[in-house]
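Student: This structure is in structure tokens; I'll ask about it shortly.
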Amino acid sequence: MVQLNLFGEKNNDSELIKGQNGEYIFLPSFFDSSVANDYLLKLRNKIKWEQEEMKIYGKIVKFPRLTAWYGDNDKPYSFSGITLNPNNWTSELTEIKKKIETKCNVIFNSVLLNLYRNGQDSISWHTDAEKELGINPVIASVNFGATRKFQLRHIKTKEKIEIEMTHGSLLIMQGELQHFWQHQVPKTNIPVGERINLTYRVIK
């Protein structure tokens, strides 16, 4: 369920939702269930998943999820004190990319994948505003597997929005959103299955 009262109102003539300092499009069934099931299985088995580590207050901590970075060979990506060098595109990642590009009107050159193995896997509050992404980046988030809550929080006003990221859904974030809104996928004690999230990006 998408809560619109804090972020803005949906235009009746468009799927675009505009609000203070940002805008997004959410399509809960962009991929039908049979296609989404096929992608979930293939991505789980074919992607080169890694558990990255970061240093927090001098202590090495493992990421609470598995990650992978794919894309054009000359487009590394740095975040949370690590730098990822891309693997070559797989046929599935390229297929998904082409399908969402028609909706986004953007040609993506990279994708970050996260595998949430259970409800204790998560990602904390952050923005995707690294210098490699440029000003007002368009980021397309594709979801396969278990439904998880995706939360947005305005950096200054602390206003919040919550979206249920369902199997086969597509969230397109654009405009100023990455510069003014943080987002996270919180832990949950509710038993949930695996979820794979792909965020397609343009690395400058």
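Please note that chains go A, B, ... in the order of the structure tokens, that every chain numbers its residues from 1, and that ligands are numbered from 1 in the order shown.
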Just the residues within 8 Å of Thr199 (chain A), please, counting only C-alpha atoms, with nothing from its chain fewer than 2 positions along; format it as a list in words.
Tutor: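 Residues near the query, excluding close chain neighbours: Val111, Leu112, Leu113, Ile139, Ala140, Ser141, Val142, Asn197 and Arg201 of chain A.
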Student: Selected residues, all heavy atoms, written as a CSV table (one decimal), in the first residue's frame, please.
Tutor:
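Written file, part.csv:
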```csv
chain,number,residue,atom,x,y,z
A,111,VAL,N,23.9,-1.8,-12.9
A,111,VAL,CA,22.8,-2.2,-12.0
A,111,VAL,C,23.5,-2.8,-10.7
A,111,VAL,O,24.4,-3.6,-10.8
A,111,VAL,CB,21.9,-3.3,-12.7
A,111,VAL,CG1,22.7,-4.5,-13.1
A,111,VAL,CG2,20.8,-3.7,-11.7
A,112,LEU,N,22.9,-2.4,-9.6
A,112,LEU,CA,23.3,-2.9,-8.3
A,112,LEU,C,22.2,-3.9,-7.9
A,112,LEU,O,21.1,-3.5,-7.9
A,112,LEU,CB,23.5,-1.8,-7.3
A,112,LEU,CG,23.8,-2.3,-5.8
A,112,LEU,CD1,25.2,-2.9,-5.8
A,112,LEU,CD2,23.7,-1.1,-4.9
A,113,LEU,N,22.6,-5.1,-7.5
A,113,LEU,CA,21.7,-6.1,-7.0
A,113,LEU,C,21.9,-6.4,-5.6
A,113,LEU,O,23.0,-6.5,-5.1
A,113,LEU,CB,21.9,-7.4,-7.8
A,113,LEU,CG,21.6,-7.4,-9.3
A,113,LEU,CD1,22.9,-7.2,-10.1
A,113,LEU,CD2,21.0,-8.7,-9.8
A,139,ILE,N,16.7,6.5,-11.1
A,139,ILE,CA,17.1,5.1,-10.6
A,139,ILE,C,15.8,4.3,-10.6
A,139,ILE,O,14.8,4.6,-10.1
A,139,ILE,CB,17.6,5.2,-9.1
A,139,ILE,CG1,19.0,6.0,-9.1
A,139,ILE,CG2,17.8,3.8,-8.6
A,139,ILE,CD1,19.6,6.1,-7.8
A,140,ALA,N,16.0,3.1,-11.3
A,140,ALA,CA,14.8,2.2,-11.5
A,140,ALA,C,15.0,1.0,-10.6
A,140,ALA,O,16.0,0.2,-10.8
A,140,ALA,CB,14.7,1.8,-13.0
A,141,SER,N,14.1,0.7,-9.7
A,141,SER,CA,14.2,-0.4,-8.7
A,141,SER,C,13.2,-1.5,-9.1
A,141,SER,O,12.0,-1.3,-9.1
A,141,SER,CB,13.9,0.2,-7.3
A,141,SER,OG,14.0,-0.9,-6.4
A,142,VAL,N,13.8,-2.6,-9.4
A,142,VAL,CA,13.0,-3.8,-9.8
A,142,VAL,C,13.0,-4.8,-8.7
A,142,VAL,O,14.1,-5.0,-8.1
A,142,VAL,CB,13.5,-4.4,-11.1
A,142,VAL,CG1,12.7,-5.6,-11.5
A,142,VAL,CG2,13.5,-3.4,-12.2
A,197,ASN,N,16.4,-7.4,-5.3
A,197,ASN,CA,16.2,-6.1,-5.7
A,197,ASN,C,17.3,-5.7,-6.7
A,197,ASN,O,18.5,-5.9,-6.4
A,197,ASN,CB,16.1,-5.1,-4.5
A,197,ASN,CG,16.1,-3.7,-5.0
A,197,ASN,OD1,17.1,-2.9,-4.8
A,197,ASN,ND2,15.0,-3.2,-5.5
A,201,ARG,N,21.0,2.1,-12.9
A,201,ARG,CA,21.6,3.4,-12.7
A,201,ARG,C,22.3,3.8,-14.0
A,201,ARG,O,22.7,3.0,-14.8
A,201,ARG,CB,22.5,3.5,-11.5
A,201,ARG,CG,21.9,3.0,-10.2
A,201,ARG,CD,22.9,2.3,-9.3
A,201,ARG,NE,22.3,1.7,-8.2
A,201,ARG,CZ,22.3,2.2,-7.0
A,201,ARG,NH1,23.0,3.4,-6.7
A,201,ARG,NH2,21.7,1.6,-6.0
```
Student: Compile the contact shell of region 130-138 of chain A as a list of chain:residue names: residues with an atom at most 6 Å away, counting only C-alpha atoms, same-chain residues fewer than 6 positions apart removed.
Tutor: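 Everything that qualifies: A:Met173, A:Gln174, A:Gly175, A:Glu176, A:Ile203, A:Lys204.
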Student: Could you jot down the CA of Lys149 (chain A) to CA of Ile163 (chain A) separation for me, Å, one decimal place?
Tutor: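 Atom-to-atom, CA of Lys149 (chain A) and CA of Ile163 (chain A) are spaced 5.8 Å apart.
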Student: What's the separation between CA of Glu23 (chain A) and CA of Leu84 (chain A), in Å to one decimal place?
Tutor: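 Between CA of Glu23 (chain A) and CA of Leu84 (chain A) the gap is 28.0 Å.
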Student: What's around Asn85 (chain A) at 7 Å? Count only C-alpha atoms, leave out sequence neighbours fewer than 6 positions away in its own chain, and write the answer as a list in words.
Tutor: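 Here the qualifying residues turn out to be Trp69, Pro76 and Tyr77 of chain A.
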Student: Export, as a PDB file, in the first residue's frame, the selected residues with N, CA and C atoms.
Tutor:
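Generated output (part.pdb):
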```
ATOM      1  N   TRP A  69      27.369  -6.314  -8.568  1.00  0.00           N
ATOM      2  CA  TRP A  69      27.420  -5.119  -9.416  1.00  0.00           C
ATOM      3  C   TRP A  69      27.710  -5.553 -10.846  1.00  0.00           C
ATOM      4  N   PRO A  76      33.010   1.515 -12.532  1.00  0.00           N
ATOM      5  CA  PRO A  76      32.977   1.063 -11.140  1.00  0.00           C
ATOM      6  C   PRO A  76      32.064   1.964 -10.304  1.00  0.00           C
ATOM      7  N   TYR A  77      31.690   1.495  -9.121  1.00  0.00           N
ATOM      8  CA  TYR A  77      30.764   2.232  -8.268  1.00  0.00           C
ATOM      9  C   TYR A  77      31.271   2.179  -6.834  1.00  0.00           C
TER      10      TYR A  77
END
```
Student: Tell me, counting only C-alpha atoms, for each residue of region 66-185 of chain A within 9 Å of region 26-46 of chain A, which pair of atoms is nearest and how far apart they are in Å to one decimal, in rows ordered by chain and increasing number, as a Markdown table.
Tutor:
```
| residue | atom | partner | partner_atom | distance |
| --- | --- | --- | --- | --- |
| A:Thr90 | CA | A:Lys46 | CA | 8.5 |
| A:Glu92 | CA | A:Tyr39 | CA | 7.1 |
| A:Leu93 | CA | A:Leu43 | CA | 8.4 |
| A:Ile96 | CA | A:Tyr39 | CA | 8.9 |
| A:Ile100 | CA | A:Phe30 | CA | 8.8 |
| A:Leu115 | CA | A:Arg44 | CA | 8.2 |
| A:Val142 | CA | A:Phe30 | CA | 8.9 |
| A:Asn143 | CA | A:Ala36 | CA | 8.5 |
| A:Phe144 | CA | A:Leu40 | CA | 5.6 |
| A:Gly145 | CA | A:Leu40 | CA | 6.5 |
| A:Ile163 | CA | A:Phe26 | CA | 8.6 |
| A:Glu164 | CA | A:Pro28 | CA | 8.5 |
| A:Met165 | CA | A:Pro28 | CA | 7.2 |
| A:Thr166 | CA | A:Pro28 | CA | 6.1 |
| A:His167 | CA | A:Ala36 | CA | 6.8 |
| A:Gly168 | CA | A:Phe31 | CA | 4.6 |
| A:Ser169 | CA | A:Pro28 | CA | 4.2 |
| A:Leu170 | CA | A:Leu27 | CA | 5.1 |
| A:Leu171 | CA | A:Phe26 | CA | 4.5 |
| A:Ile172 | CA | A:Phe26 | CA | 6.4 |
| A:Met173 | CA | A:Phe26 | CA | 8.7 |
```
